[in-house]
There are 2 protein chains.
Amino acid sequence: MKQSRLFTKTSKTVPADEVSKNAQLLIQAGFIHKEMAGVYAYMPLGLRVIENIKRIVREEMNGVGGQEVLMTTLQPKDIWEKTDRWSDAKVDNWFKTKLVNGTELGVGLTHEEPIVDAVSNYVSSYKDMPFAVYQIQNKFRNELRAKSGLLRGREFLMKDMYTFCRDQKQHEEEYEKIVAAYFKVYTRLGLGDITYRTYADGGIFTPRFSDEFQTLSEVGEDNIYVDEDKKIAINEEILTDENLAKLGLERKKLVQKKGVEVGNTFHLESKYTDALDLYYNDEKGEKKSIIMGCYGIGVSRLMGVIAELFADEKGLMWPASIAPFAVHLVSLGQDEQAEKIYADLSAAGVEVLFDDRDVSAGEKFAGSDLIGIPYRVVISKKSLEAGGVELKKRSEQANEIIAIKDLISLLKK
Amino acid sequence: MKQSRLFTKTSKTVPADEVSKNAQLLIQAGFIHKEMAGVYAYMPLGLRVIENIKRIVREEMNGVGGQEVLMTTLQPKDIWEKTDRWSDAKVDNWFKTKLVNGTELGVGLTHEEPIVDAVSNYVSSYKDMPFAVYQIQNKFRNELRAKSGLLRGREFLMKDMYTFCRDQKQHEEEYEKIVAAYFKVYTRLGLGDITYRTYADGGIFTPRFSDEFQTLSEVGEDNIYVDEDKKIAINEEILTDENLAKLGLERKKLVQKKGVEVGNTFHLESKYTDALDLYYNDEKGEKKSIIMGCYGIGVSRLMGVIAELFADEKGLMWPASIAPFAVHLVSLGQDEQAEKIYADLSAAGVEVLFDDRDVSAGEKFAGSDLIGIPYRVVISKKSLEAGGVELKKRSEQANEIIAIKDLISLLKK
């Protein structure tokens with residue numbers, strides 16, 4: 001894409017109403033626009049990152065047999081009353097609205113109930129299980145405070161998956177398969193080494209623990225205790241001697257860290273299926289409960305975490321897997337040759353942001369650092385005299401001169 | 001995909017609470033799930049159709065230089081008060097909600113105001129224009145009645161584009177480019193021949209007409225008058241002698257038809273930009289108004305229109321461009337050879353739904369007709385004896401025997 005056509009622009013000014021680094025950088029670089037606290041719109045560069053994260057999540061969820069659906073935001077009261085999650089006294093972060101005739105509706109904050117309700121049209125036999133359903137969709141949570149940019153939103157993008165199994169054994173298999181897929185996602189996003197499976201409170205439906213996926217970060221809201229040898233952690237909220245013994249962890253081996261929860265997986269037992277009257281018939285025709293699991297990944301939160309972690313004083317620094325473009329091509333007065341390189345790289349399938357604007361070199365470089373595309377290619381009188389173009393990784397200081405004829409094979413993956 | 005793994009099933013029963021054919025068929029075939037009147041969730045087959053429609057719309061909007069963004073559902077009151085579209089007395093189909101602290105919020109029913117607000121961070125000079133921004137996103141409209149399935153939803157998917165131009169001349173160029181792209185979309189969806197550019201009321205901001213894109217259908221809510229020679233129509237709501245003269249149409253040449261509005265394009269003049277204080281400086285540094293256009297396509301409505309129009313008494317009949325799969329492979333007791341064909345077709349990039357279920361031939365055929373995939377390939381003892389597999393188009397009665405070795409080259413596009 002030609003940058004002269006991109007309607008967003010980078011800004012030199014840190015937005016005054018943001019305290020979180022991710023929101024400051026993403027707004028300055030033109031990736032997001034703040035609608036109100038905790039509610040952000042995605043501008044073209046930001047949407048490209050979101051779509052790349054969604055693609056990775058989608059591929060890994062499909063890889064474990066997940067079937068994608070799209071549930072609704074507007075929610076009827078009745079299905080939530082069956083699980084006692086409608087009243088504001090029970091669930092305190094609903095957004096609610098009303099039909100013209102006065103009927104109260106919920107604005108989707110999670111989707112266990114509607115998923116079970118939808119699935120109940122199709123499932124009746126042991127032969128129908130196991131299966132996994134997921135969606136990537138906006139969630140709405142009426143948070144009291146929202147000052148962490150994309151790390152805690154009132155409206156945010158989430159991947160939520162739900163498994164349906166005939167018994168605990170089948171559930172365990174599905175559950176661990178999905179946990180493994182989660183680590184594939186984090187690894188592809190460049191977070192694999194610093195993201196820990198973390199035991200946490202399992203909720204009221206099960207005596208078991210849930211799993212959180214905590215990415216180490218100083219801005220994290222969670223205190224976790226990491227066992228580096230076992231590559232596992234435990235959330236402070238369940239750090240008791242009894243639980244440590246149960247989990248085979250030793251207190252003295254644990255190191256306290258701050259984490260951002262970038263995913264979670266829950267054992268739901270048959271709480272929702274029973275409450276919504278969804279059962280199955282086993283081989284003998286006997287009515288049995290269906291065991292559910294649920295599995296979340298914060299898609300927009302991941303964008304915030306990565307913006308927060310992969311950045312320096314000059315700006316963002318995207319991992320190649322989710323960068324809005326692969327290459328930032330900067331022309332300094334060499335537009336004709338730059339156009340040719342842009343066309344050749346594009347034809348080779350390389351995604352290029354081409355800075356063809358009529359602004360100073362300093363403004364181009366500052367903007368390029370702020371946007372944080374993995375590779376920068378500069379073509380200038382100086383680079384041509386040196387034998388080609390200047391190639392620099394955003395994450396490194398050094399640059400090198402590359403002959404134009406070698407550029408494509410080098411950047412083509 | 002193997003049908004034994006697909007969690008949805010077709011149903012022999014017409015849903016009792018639906019009167020519209022599109023909702024009846026789509027629910028019976030397992031494409032959508034009704035959450036409440038006018039609010040439908042998309043199951044795997046339905047989501048595949050939606051994603052195909054989105055892909056076509058996206059390609060054509062990108063083709064005219066559209067830059068994709070994603071705006072928010074939650075809306076702050078202040079920007080809507082500036083255009084006098086906040087009060088329920090002025091706009092009667094808002095869904096509204098509240099923050100914990102009592103602050104009223106809107107649930108996005110359209111996005112002119114937030115788009116102008118976002119764009120105002122970046123636009124200041126005549127050099128910044130023209131440009132076009134679009135999104136594909138849920139809209140929420142508090143309709144009094146919603147009985148037409150996907151044709152009129154309270155929550156529905158829409159593509160909305162907005163252009164920003166420095167003057168009327170630039171606006172006209174952008175506008176006509178987008179109208180042409182709309183016809184490319186309808187043509188690719190198989191609706192080109194029966195969709196008419198239709199003059200309609202332009203709204204309160206302009207003395208000009210707006211354009212509706214009306215697909216002929218008996219279930220349409222609009223009365224339009226078509227001039228077959230000119231391939232143009234006029235909405236009944238503006239059918240006056242004065243307007244006919246203005247448009248160069250003759251009343252006697254017009255034929256009355258019913259239409260479903262599958263898109264619309266509006267001249268907004270500078271109503272929203274002025275109200276939200278977005279201006280630009282021209283070459284002389286003079287402050288000038290920005291001319292906007294807006295352009296909608298009902299993505300989920302298009303799915304409903306196509307379901308309604310392309311169907312027979314046995315079920316749905318998808319155009320190849322948006323079908324959930326290209327081929328429905330049905331095995332009648334020949335699972336081993338069918339598995340091989342499934343693998344070979346998939347490897348060749350053909351999207352196959354493979355009915356590997358252990359159910360009767362009759363159930364498989366009825367389900368296949370209901371789902372409406374363009375090609376059906378049956379492998380049975382009979383077909384093998386006749387020399388291969390039986391190939392049938394969903395839209396035709398005849399079938400033919402094809403040698404297995406010829407199948408891939410025939411189905412691969």
# chains A, B, ... in the order shown; residues from 1 in each chain; ligands from 1

$ calpha_fit_and_write --fixed "chain B" --moving "chain A" --output "short mmCIF file (atom, residue, chain, number, x, y, z; two decimals) with C-alpha atoms, in the first residue's frame"
data_model
loop_
_atom_site.label_atom_id
_atom_site.label_comp_id
_atom_site.auth_asym_id
_atom_site.auth_seq_id
_atom_site.Cartn_x
_atom_site.Cartn_y
_atom_site.Cartn_z
CA MET A 1 -15.01 -31.40 5.95
CA LYS A 2 -16.44 -34.69 7.06
CA GLN A 3 -20.14 -34.41 7.72
CA SER A 4 -19.94 -36.90 10.57
CA ARG A 5 -17.89 -34.23 12.39
CA LEU A 6 -20.21 -31.30 11.59
CA PHE A 7 -22.18 -30.64 14.75
CA THR A 8 -25.23 -29.22 12.96
CA LYS A 9 -27.84 -31.43 11.30
CA THR A 10 -30.56 -30.81 8.79
CA SER A 11 -34.12 -31.05 10.01
CA LYS A 12 -37.23 -32.33 8.28
CA THR A 13 -39.42 -29.96 10.23
CA VAL A 14 -40.18 -26.41 9.11
CA PRO A 15 -39.62 -24.17 12.16
CA ALA A 16 -43.05 -23.23 13.50
CA ASP A 17 -42.11 -19.70 14.55
CA GLU A 18 -40.82 -18.52 11.17
CA VAL A 19 -42.97 -17.20 8.33
CA SER A 20 -40.20 -16.20 5.91
CA LYS A 21 -38.86 -18.75 3.46
CA ASN A 22 -35.21 -17.71 3.91
CA ALA A 23 -35.29 -18.24 7.69
CA GLN A 24 -37.22 -21.50 7.37
CA LEU A 25 -34.77 -22.98 4.88
CA LEU A 26 -31.63 -21.68 6.57
CA ILE A 27 -32.73 -22.99 9.96
CA GLN A 28 -33.83 -26.38 8.56
CA ALA A 29 -30.52 -26.76 6.73
CA GLY A 30 -28.56 -25.83 9.88
CA PHE A 31 -27.07 -22.58 8.55
CA ILE A 32 -28.46 -20.27 11.21
CA HIS A 33 -29.88 -20.45 14.71
CA LYS A 34 -32.61 -18.09 15.86
CA GLU A 35 -31.70 -16.25 19.04
CA MET A 36 -34.87 -14.13 18.98
CA ALA A 37 -36.94 -12.38 16.29
CA GLY A 38 -34.55 -10.56 13.96
CA VAL A 39 -31.44 -11.90 15.72
CA TYR A 40 -29.71 -14.95 14.24
CA ALA A 41 -26.45 -16.75 15.02
CA TYR A 42 -24.44 -18.27 12.17
CA MET A 43 -23.64 -21.94 12.41
CA PRO A 44 -20.60 -23.35 10.51
CA LEU A 45 -22.31 -23.67 7.10
CA GLY A 46 -23.93 -20.24 7.44
CA LEU A 47 -20.71 -18.58 8.53
CA ARG A 48 -18.95 -19.99 5.47
CA VAL A 49 -21.54 -18.30 3.24
CA ILE A 50 -21.22 -15.03 5.18
CA GLU A 51 -17.42 -15.14 4.90
CA ASN A 52 -17.68 -15.73 1.15
CA ILE A 53 -20.01 -12.75 0.71
CA LYS A 54 -17.66 -10.63 2.87
CA ARG A 55 -14.68 -11.69 0.74
CA ILE A 56 -16.41 -10.58 -2.46
CA VAL A 57 -17.55 -7.28 -0.95
CA ARG A 58 -14.07 -6.69 0.51
CA GLU A 59 -12.30 -7.40 -2.79
CA GLU A 60 -14.52 -4.95 -4.67
CA MET A 61 -14.28 -2.25 -2.01
CA ASN A 62 -10.47 -2.64 -1.95
CA GLY A 63 -10.60 -2.48 -5.75
CA VAL A 64 -11.89 1.11 -5.58
CA GLY A 65 -9.29 2.07 -2.99
CA GLY A 66 -11.39 1.46 0.10
CA GLN A 67 -9.42 1.22 3.36
CA GLU A 68 -10.88 -1.21 5.85
CA VAL A 69 -11.37 -0.26 9.49
CA LEU A 70 -13.47 -1.63 12.35
CA MET A 71 -15.52 0.83 14.35
CA THR A 72 -17.08 0.14 17.73
CA THR A 73 -20.56 -0.93 18.77
CA LEU A 74 -20.59 1.13 21.98
CA GLN A 75 -21.17 4.79 21.12
CA PRO A 76 -20.68 7.94 23.23
CA LYS A 77 -23.59 10.35 23.26
CA ASP A 78 -21.70 13.57 22.52
CA ILE A 79 -20.85 12.97 18.86
CA TRP A 80 -24.48 12.07 18.09
CA GLU A 81 -25.81 15.15 19.83
CA LYS A 82 -23.72 17.31 17.50
CA THR A 83 -25.71 15.99 14.53
CA ASP A 84 -28.99 15.87 16.47
CA ARG A 85 -29.30 12.11 16.05
CA TRP A 86 -29.14 11.09 19.69
CA SER A 87 -32.64 11.70 21.00
CA ASP A 88 -35.13 8.86 20.57
CA ALA A 89 -37.58 11.43 19.23
CA LYS A 90 -35.24 12.03 16.29
CA VAL A 91 -33.96 8.50 15.73
CA ASP A 92 -36.52 5.95 16.85
CA ASN A 93 -34.60 2.69 16.49
CA TRP A 94 -31.65 3.10 18.82
CA PHE A 95 -30.72 0.43 21.29
CA LYS A 96 -29.24 2.22 24.28
CA THR A 97 -27.37 1.06 27.34
CA LYS A 98 -25.52 2.53 30.33
CA LEU A 99 -22.12 2.46 31.98
CA VAL A 100 -22.02 1.47 35.67
CA ASN A 101 -21.80 5.18 36.54
CA GLY A 102 -25.05 5.89 34.67
CA THR A 103 -23.57 7.43 31.50
CA GLU A 104 -25.84 6.64 28.57
CA LEU A 105 -24.30 4.87 25.57
CA GLY A 106 -25.66 3.99 22.16
CA VAL A 107 -25.39 0.54 20.55
CA GLY A 108 -24.12 1.30 17.02
CA LEU A 109 -26.95 1.56 14.50
CA THR A 110 -24.85 3.34 11.86
CA HIS A 111 -21.41 4.97 11.88
CA GLU A 112 -21.30 8.34 10.14
CA GLU A 113 -20.56 10.26 13.34
CA PRO A 114 -17.83 7.98 14.75
CA ILE A 115 -16.17 7.71 11.33
CA VAL A 116 -16.01 11.50 10.97
CA ASP A 117 -14.76 11.77 14.54
CA ALA A 118 -12.00 9.20 13.92
CA VAL A 119 -10.99 10.68 10.58
CA SER A 120 -10.71 14.16 12.06
CA ASN A 121 -7.50 13.07 13.81
CA TYR A 122 -5.77 12.69 10.47
CA VAL A 123 -7.35 14.97 7.86
CA SER A 124 -6.59 18.67 7.48
CA SER A 125 -5.40 19.41 3.96
CA TYR A 126 -6.74 19.19 0.42
CA LYS A 127 -3.86 16.75 -0.18
CA ASP A 128 -5.50 14.24 2.17
CA MET A 129 -8.46 13.68 -0.15
CA PRO A 130 -10.18 11.87 -1.72
CA PHE A 131 -10.28 8.70 0.34
CA ALA A 132 -12.74 5.96 1.18
CA VAL A 133 -13.06 4.08 4.48
CA TYR A 134 -15.22 1.04 5.07
CA GLN A 135 -15.99 -1.65 7.59
CA ILE A 136 -17.96 -4.88 7.73
CA GLN A 137 -19.66 -4.96 11.08
CA ASN A 138 -22.77 -5.64 13.08
CA LYS A 139 -25.45 -2.99 13.13
CA PHE A 140 -28.19 -2.88 15.76
CA ARG A 141 -31.62 -1.47 15.00
CA ASN A 142 -34.52 -1.58 17.40
CA GLU A 143 -37.14 -2.62 14.83
CA LEU A 144 -40.75 -2.86 16.01
CA ARG A 145 -41.29 -6.01 13.94
CA ALA A 146 -38.80 -8.52 12.57
CA LYS A 147 -40.49 -11.37 10.76
CA SER A 148 -38.51 -11.54 7.52
CA GLY A 149 -35.61 -13.70 8.65
CA LEU A 150 -32.31 -12.28 7.43
CA LEU A 151 -34.10 -9.67 5.29
CA ARG A 152 -34.76 -7.37 8.24
CA GLY A 153 -32.74 -7.91 11.36
CA ARG A 154 -32.39 -6.23 14.72
CA GLU A 155 -28.74 -7.30 14.63
CA PHE A 156 -27.27 -7.71 11.18
CA LEU A 157 -24.03 -7.58 9.23
CA MET A 158 -23.45 -4.58 7.01
CA LYS A 159 -20.65 -3.19 4.90
CA ASP A 160 -20.68 0.58 5.26
CA MET A 161 -18.31 2.80 3.33
CA TYR A 162 -17.72 6.53 3.67
CA THR A 163 -15.98 8.83 1.20
CA PHE A 164 -14.38 12.17 1.96
CA CYS A 165 -13.85 14.64 -0.89
CA ARG A 166 -12.71 18.21 -1.30
CA ASP A 167 -15.51 19.22 -3.62
CA GLN A 168 -18.59 18.01 -5.49
CA LYS A 169 -16.63 17.11 -8.60
CA GLN A 170 -14.28 14.82 -6.69
CA HIS A 171 -17.29 13.40 -4.82
CA GLU A 172 -19.12 12.55 -8.06
CA GLU A 173 -16.12 10.62 -9.33
CA GLU A 174 -15.78 8.59 -6.13
CA TYR A 175 -19.52 8.02 -5.97
CA GLU A 176 -19.83 6.60 -9.49
CA LYS A 177 -16.73 4.43 -9.03
CA ILE A 178 -18.35 2.86 -5.97
CA VAL A 179 -21.72 2.40 -7.71
CA ALA A 180 -19.86 0.50 -10.44
CA ALA A 181 -18.16 -1.65 -7.77
CA TYR A 182 -21.59 -2.41 -6.28
CA PHE A 183 -22.71 -3.93 -9.57
CA LYS A 184 -19.56 -6.05 -9.63
CA VAL A 185 -20.55 -7.38 -6.20
CA TYR A 186 -24.12 -8.18 -7.27
CA THR A 187 -22.92 -9.80 -10.48
CA ARG A 188 -20.47 -12.03 -8.62
CA LEU A 189 -23.31 -13.04 -6.29
CA GLY A 190 -25.50 -14.02 -9.24
CA LEU A 191 -27.89 -11.09 -8.71
CA GLY A 192 -26.57 -8.77 -11.44
CA ASP A 193 -29.45 -9.28 -13.88
CA ILE A 194 -32.21 -8.69 -11.37
CA THR A 195 -30.71 -5.84 -9.37
CA TYR A 196 -31.59 -2.28 -10.38
CA ARG A 197 -30.08 1.06 -9.54
CA THR A 198 -33.17 2.77 -8.21
CA TYR A 199 -33.66 6.47 -7.59
CA ALA A 200 -34.96 7.13 -4.11
CA ASP A 201 -35.38 9.89 -1.61
CA GLY A 202 -32.06 11.55 -0.86
CA GLY A 203 -32.83 12.39 2.73
CA ILE A 204 -32.85 15.78 4.36
CA PHE A 205 -29.28 16.76 3.56
CA THR A 206 -29.47 17.10 -0.18
CA PRO A 207 -32.00 18.01 -2.84
CA ARG A 208 -30.56 15.15 -4.90
CA PHE A 209 -31.79 11.57 -5.02
CA SER A 210 -30.04 8.68 -3.33
CA ASP A 211 -29.53 5.39 -5.09
CA GLU A 212 -30.97 2.16 -3.86
CA PHE A 213 -29.92 -1.18 -5.27
CA GLN A 214 -33.11 -3.20 -5.51
CA THR A 215 -33.13 -6.93 -6.21
CA LEU A 216 -36.41 -8.05 -7.72
CA SER A 217 -38.29 -10.40 -5.41
CA GLU A 218 -41.89 -11.00 -4.49
CA VAL A 219 -40.96 -10.78 -0.82
CA GLY A 220 -39.49 -7.30 -1.25
CA GLU A 221 -40.85 -4.53 0.95
CA ASP A 222 -40.32 -1.83 -1.69
CA ASN A 223 -42.46 -0.93 -4.67
CA ILE A 224 -40.25 0.13 -7.53
CA TYR A 225 -40.95 1.10 -11.13
CA VAL A 226 -38.50 -0.32 -13.64
CA ASP A 227 -37.50 1.06 -17.04
CA GLU A 228 -36.21 -2.11 -18.68
CA ASP A 229 -34.57 -0.31 -21.61
CA LYS A 230 -32.58 2.03 -19.41
CA LYS A 231 -31.95 -0.69 -16.78
CA ILE A 232 -32.93 1.75 -14.11
CA ALA A 233 -35.78 2.10 -11.63
CA ILE A 234 -37.49 4.65 -9.43
CA ASN A 235 -38.84 4.04 -5.96
CA GLU A 236 -42.59 4.58 -5.57
CA GLU A 237 -41.90 7.03 -2.74
CA ILE A 238 -40.56 9.64 -5.18
CA LEU A 239 -42.75 8.77 -8.20
CA THR A 240 -44.04 12.20 -9.19
CA ASP A 241 -44.34 13.78 -12.63
CA GLU A 242 -41.82 16.39 -11.59
CA ASN A 243 -39.23 13.76 -10.58
CA LEU A 244 -39.86 11.66 -13.70
CA ALA A 245 -39.18 14.72 -15.85
CA LYS A 246 -36.05 15.48 -13.84
CA LEU A 247 -34.80 11.93 -14.35
CA GLY A 248 -35.80 11.70 -18.01
CA LEU A 249 -38.14 8.76 -17.35
CA GLU A 250 -41.56 8.20 -18.91
CA ARG A 251 -44.37 6.86 -16.75
CA LYS A 252 -45.78 4.65 -19.51
CA LYS A 253 -42.49 2.80 -19.90
CA LEU A 254 -42.31 1.86 -16.24
CA VAL A 255 -43.29 -1.55 -14.90
CA GLN A 256 -44.14 -2.00 -11.24
CA LYS A 257 -42.08 -4.59 -9.35
CA LYS A 258 -41.32 -5.61 -5.78
CA GLY A 259 -37.71 -5.17 -4.67
CA VAL A 260 -35.45 -5.96 -1.72
CA GLU A 261 -32.97 -3.18 -1.02
CA VAL A 262 -29.57 -4.89 -1.04
CA GLY A 263 -27.57 -1.67 -1.01
CA ASN A 264 -27.83 2.08 -0.97
CA THR A 265 -25.61 5.06 -1.62
CA PHE A 266 -26.17 8.57 -0.31
CA HIS A 267 -24.90 12.04 -1.01
CA LEU A 268 -24.33 13.51 2.44
CA GLU A 269 -23.00 16.90 1.32
CA SER A 270 -21.15 18.37 4.31
CA LYS A 271 -23.86 17.71 6.88
CA TYR A 272 -21.80 15.44 9.16
CA THR A 273 -18.37 16.94 8.59
CA ASP A 274 -19.60 20.48 9.31
CA ALA A 275 -21.54 19.35 12.38
CA LEU A 276 -18.48 17.55 13.79
CA ASP A 277 -16.21 20.45 12.91
CA LEU A 278 -14.08 18.67 10.29
CA TYR A 279 -12.85 21.03 7.56
CA TYR A 280 -9.80 21.22 5.33
CA ASN A 281 -7.48 23.91 4.08
CA ASP A 282 -7.32 24.34 0.33
CA GLU A 283 -4.28 25.37 -1.74
CA LYS A 284 -4.74 28.97 -0.64
CA GLY A 285 -5.02 28.02 3.03
CA GLU A 286 -8.74 28.72 3.05
CA LYS A 287 -11.00 26.63 5.30
CA LYS A 288 -13.47 24.57 3.25
CA SER A 289 -16.22 22.03 3.89
CA ILE A 290 -15.61 18.33 3.23
CA ILE A 291 -18.13 16.50 1.03
CA MET A 292 -19.12 13.02 2.21
CA GLY A 293 -20.85 10.08 0.66
CA CYS A 294 -22.01 6.90 2.38
CA TYR A 295 -22.53 3.49 0.86
CA GLY A 296 -24.18 0.45 2.44
CA ILE A 297 -24.44 -3.20 1.48
CA GLY A 298 -26.48 -5.57 3.63
CA VAL A 299 -24.18 -8.58 3.96
CA SER A 300 -26.48 -10.84 6.00
CA ARG A 301 -29.50 -9.57 4.07
CA LEU A 302 -27.80 -10.69 0.85
CA MET A 303 -27.49 -14.17 2.32
CA GLY A 304 -31.23 -14.06 3.03
CA VAL A 305 -32.10 -12.76 -0.45
CA ILE A 306 -30.03 -15.46 -2.13
CA ALA A 307 -31.51 -18.18 0.11
CA GLU A 308 -34.97 -16.88 -0.77
CA LEU A 309 -34.41 -16.58 -4.53
CA PHE A 310 -32.17 -19.55 -5.26
CA ALA A 311 -34.20 -22.40 -3.83
CA ASP A 312 -36.72 -24.99 -4.87
CA GLU A 313 -39.16 -27.20 -2.97
CA LYS A 314 -36.26 -29.42 -1.90
CA GLY A 315 -34.08 -26.72 -0.40
CA LEU A 316 -31.34 -24.17 -0.94
CA MET A 317 -29.35 -23.71 -4.14
CA TRP A 318 -26.22 -21.60 -3.58
CA PRO A 319 -24.37 -19.84 -6.39
CA ALA A 320 -20.85 -21.27 -6.64
CA SER A 321 -19.28 -17.93 -5.61
CA ILE A 322 -20.65 -18.10 -2.06
CA ALA A 323 -21.60 -21.75 -1.52
CA PRO A 324 -20.38 -23.16 1.82
CA PHE A 325 -18.60 -25.91 -0.11
CA ALA A 326 -18.02 -26.48 -3.84
CA VAL A 327 -18.84 -30.19 -3.81
CA HIS A 328 -21.01 -32.45 -1.69
CA LEU A 329 -19.45 -35.91 -1.82
CA VAL A 330 -21.92 -38.63 -0.80
CA SER A 331 -20.72 -42.13 -0.06
CA LEU A 332 -23.25 -44.93 -0.23
CA GLY A 333 -21.37 -47.80 1.32
CA GLN A 334 -18.15 -47.08 -0.60
CA ASP A 335 -16.26 -45.36 2.17
CA GLU A 336 -12.76 -46.43 1.24
CA GLN A 337 -12.91 -45.10 -2.32
CA ALA A 338 -14.85 -42.06 -1.12
CA GLU A 339 -12.08 -41.27 1.38
CA LYS A 340 -9.59 -41.35 -1.47
CA ILE A 341 -11.69 -39.00 -3.62
CA TYR A 342 -12.17 -36.69 -0.62
CA ALA A 343 -8.42 -36.57 -0.03
CA ASP A 344 -7.63 -35.99 -3.71
CA LEU A 345 -10.21 -33.24 -4.18
CA SER A 346 -9.11 -31.53 -0.97
CA ALA A 347 -5.47 -31.71 -2.05
CA ALA A 348 -6.48 -30.08 -5.34
CA GLY A 349 -7.97 -27.17 -3.42
CA VAL A 350 -11.61 -28.12 -3.95
CA GLU A 351 -13.75 -27.50 -0.86
CA VAL A 352 -15.67 -30.67 -0.15
CA LEU A 353 -18.35 -31.57 2.35
CA PHE A 354 -18.01 -35.35 2.61
CA ASP A 355 -21.11 -37.17 3.78
CA ASP A 356 -19.45 -40.11 5.50
CA ARG A 357 -22.34 -40.64 7.92
CA ASP A 358 -23.88 -43.99 8.61
CA VAL A 359 -27.44 -43.05 7.53
CA SER A 360 -29.75 -44.07 4.69
CA ALA A 361 -29.30 -42.96 1.08
CA GLY A 362 -32.65 -41.19 1.27
CA GLU A 363 -31.60 -39.16 4.29
CA LYS A 364 -28.29 -38.26 2.62
CA PHE A 365 -29.98 -37.09 -0.59
CA ALA A 366 -32.68 -35.10 1.23
CA GLY A 367 -30.04 -33.41 3.39
CA SER A 368 -27.86 -32.69 0.40
CA ASP A 369 -30.72 -31.03 -1.49
CA LEU A 370 -31.62 -28.97 1.57
CA ILE A 371 -28.04 -27.73 2.07
CA GLY A 372 -27.78 -26.82 -1.62
CA ILE A 373 -24.09 -27.22 -2.50
CA PRO A 374 -23.62 -26.62 -6.29
CA TYR A 375 -22.26 -30.09 -7.17
CA ARG A 376 -23.17 -33.45 -5.74
CA VAL A 377 -20.89 -36.46 -6.31
CA VAL A 378 -22.34 -39.85 -5.34
CA ILE A 379 -20.20 -42.93 -5.12
CA SER A 380 -22.15 -46.18 -4.82
CA LYS A 381 -22.04 -49.77 -5.96
CA LYS A 382 -24.32 -48.74 -8.82
CA SER A 383 -22.17 -45.77 -9.91
CA LEU A 384 -19.00 -47.87 -9.83
CA GLU A 385 -20.63 -50.53 -11.97
CA ALA A 386 -21.61 -47.79 -14.41
CA GLY A 387 -17.98 -46.67 -14.60
CA GLY A 388 -17.32 -44.16 -11.84
CA VAL A 389 -19.24 -41.63 -9.77
CA GLU A 390 -22.53 -39.88 -10.34
CA LEU A 391 -22.16 -36.12 -10.82
CA LYS A 392 -25.19 -33.85 -10.50
CA LYS A 393 -25.66 -30.12 -10.35
CA ARG A 394 -28.00 -28.99 -7.58
CA SER A 395 -29.77 -26.73 -10.08
CA GLU A 396 -30.38 -29.46 -12.65
CA GLN A 397 -32.25 -32.73 -12.70
CA ALA A 398 -29.89 -34.69 -14.94
CA ASN A 399 -26.82 -36.47 -13.68
CA GLU A 400 -23.95 -38.18 -15.45
CA ILE A 401 -21.40 -40.87 -14.70
CA ILE A 402 -17.83 -39.59 -14.57
CA ALA A 403 -14.71 -41.72 -14.34
CA ILE A 404 -13.01 -41.11 -10.98
CA LYS A 405 -9.77 -40.15 -12.72
CA ASP A 406 -11.56 -37.31 -14.58
CA LEU A 407 -13.31 -35.90 -11.52
CA ILE A 408 -10.59 -33.65 -10.20
CA SER A 409 -9.80 -31.87 -13.44
CA LEU A 410 -13.54 -31.37 -13.96
CA LEU A 411 -14.25 -29.88 -10.52
CA LYS A 412 -11.01 -27.95 -10.11
CA LYS A 413 -11.54 -24.41 -11.26
#

$ select_by_dssp --residues "stretch 92-309 of chain B" --states "strand (DSSP E)" --output "ChimeraX atom specification"
/B:95-98,104-107,131-140,155-165,195-200,210-216,222-227,232-235,255-269,279-281,287-289,291-298

$ select_by_dssp --residues "stretch 47-209 of chain B" --states "alpha helix (DSSP H)" --output "PyMOL selection string"
chain B and resi 47-63+77-82+112-119+168-188
